[in-house]
Amino acid sequence: MTDRYLSVDQVAALLGTTTRFPRRLIEERRIRYVKVGRHVRIPASAVDEFIESHTIEPIRRPRARYGRAA
């Protein structure tokens, strides 16, 4: 149990969004969360997993050998 649990406000600040976005993620069950009484907490590892799974890497295209023809 070494994971840090964040509130919805903390997750929103971490992601740079409004609190509505993490609440929607919770409602749609797109992120792991824990209910402690009436409070909702999101593990920091779940936020990291969410960011990692939605990160899109750029495509590296091979350079053309010759320039374009006019």
# chains A, B, ... in the order shown; residues from 1 in each chain; ligands from 1
call {"tool": "select_by_dssp", "arguments": {"residues": "chain A", "states": "alpha helix (DSSP H)", "output": "list in words"}}
result
Val8, Asp9, Gln10, Val11, Ala12, Ala13, Leu14, Leu15, Arg20, Phe21, Pro22, Arg23, Arg24, Leu25, Ile26, Glu27, Ala44, Ser45, Ala46, Val47, Asp48, Glu49, Phe50, Ile51, Glu52 and Ser53 of chain A
call {"tool": "write_last_selection", "arguments": {"atoms": "C-alpha atoms", "output": "PDB file, in the first residue's frame"}}
result
ATOM      1  CA  VAL A   8     -10.578  14.535  -7.795  1.00  0.00           C
ATOM      2  CA  ASP A   9      -9.371  18.138  -7.434  1.00  0.00           C
ATOM      3  CA  GLN A  10      -5.738  17.007  -7.230  1.00  0.00           C
ATOM      4  CA  VAL A  11      -6.097  14.818 -10.332  1.00  0.00           C
ATOM      5  CA  ALA A  12      -7.717  17.697 -12.215  1.00  0.00           C
ATOM      6  CA  ALA A  13      -4.825  19.984 -11.275  1.00  0.00           C
ATOM      7  CA  LEU A  14      -2.310  17.312 -12.272  1.00  0.00           C
ATOM      8  CA  LEU A  15      -3.949  16.850 -15.680  1.00  0.00           C
ATOM      9  CA  ARG A  20     -15.494  17.659 -14.410  1.00  0.00           C
ATOM     10  CA  PHE A  21     -13.044  15.611 -16.526  1.00  0.00           C
ATOM     11  CA  PRO A  22     -11.818  13.232 -13.767  1.00  0.00           C
ATOM     12  CA  ARG A  23     -15.388  12.866 -12.528  1.00  0.00           C
ATOM     13  CA  ARG A  24     -16.440  11.841 -16.034  1.00  0.00           C
ATOM     14  CA  LEU A  25     -13.571   9.321 -16.197  1.00  0.00           C
ATOM     15  CA  ILE A  26     -14.817   7.829 -12.927  1.00  0.00           C
ATOM     16  CA  GLU A  27     -18.433   7.740 -14.067  1.00  0.00           C
ATOM     17  CA  ALA A  44      -1.446   8.019  -8.472  1.00  0.00           C
ATOM     18  CA  SER A  45      -0.484   4.865 -10.392  1.00  0.00           C
ATOM     19  CA  ALA A  46      -3.921   4.881 -12.080  1.00  0.00           C
ATOM     20  CA  VAL A  47      -3.319   8.444 -13.280  1.00  0.00           C
ATOM     21  CA  ASP A  48       0.104   7.409 -14.606  1.00  0.00           C
ATOM     22  CA  GLU A  49      -1.442   4.390 -16.388  1.00  0.00           C
ATOM     23  CA  PHE A  50      -4.155   6.591 -17.895  1.00  0.00           C
ATOM     24  CA  ILE A  51      -1.596   9.072 -19.217  1.00  0.00           C
ATOM     25  CA  GLU A  52       0.655   6.287 -20.524  1.00  0.00           C
ATOM     26  CA  SER A  53      -2.192   4.491 -22.311  1.00  0.00           C
TER      27      SER A  53
END
call {"tool": "residues_around", "arguments": {"residues": "region 28-41 of chain A", "least_positions_apart": "4", "cutoff": "6 Å", "atoms": "only C-alpha atoms", "output": "ChimeraX atom specification"}}
result
/A:5-7,46
call {"tool": "select_by_dssp", "arguments": {"residues": "chain A", "states": "strand (DSSP E or B)", "output": "list in words"}}
result
Tyr5, Leu6, Val34, Lys35, Val36, His39, Val40, Arg41, Ile42 and Pro43 of chain A
call {"tool": "write_last_selection", "arguments": {"atoms": "C-alpha atoms", "output": "compact mmCIF listing (two decimals), in the first residue's frame"}}
result
# COMPACT_ATOMS: atom_id res chain seq x y z
CA TYR A 5 -4.30 8.43 -3.30
CA LEU A 6 -5.39 11.71 -4.88
CA VAL A 34 -11.35 3.83 -4.59
CA LYS A 35 -14.36 4.89 -2.55
CA VAL A 36 -13.58 5.76 1.05
CA HIS A 39 -15.08 10.26 -0.85
CA VAL A 40 -13.56 9.17 -4.13
CA ARG A 41 -9.79 8.74 -4.35
CA ILE A 42 -7.73 7.90 -7.41
CA PRO A 43 -4.40 6.09 -7.02
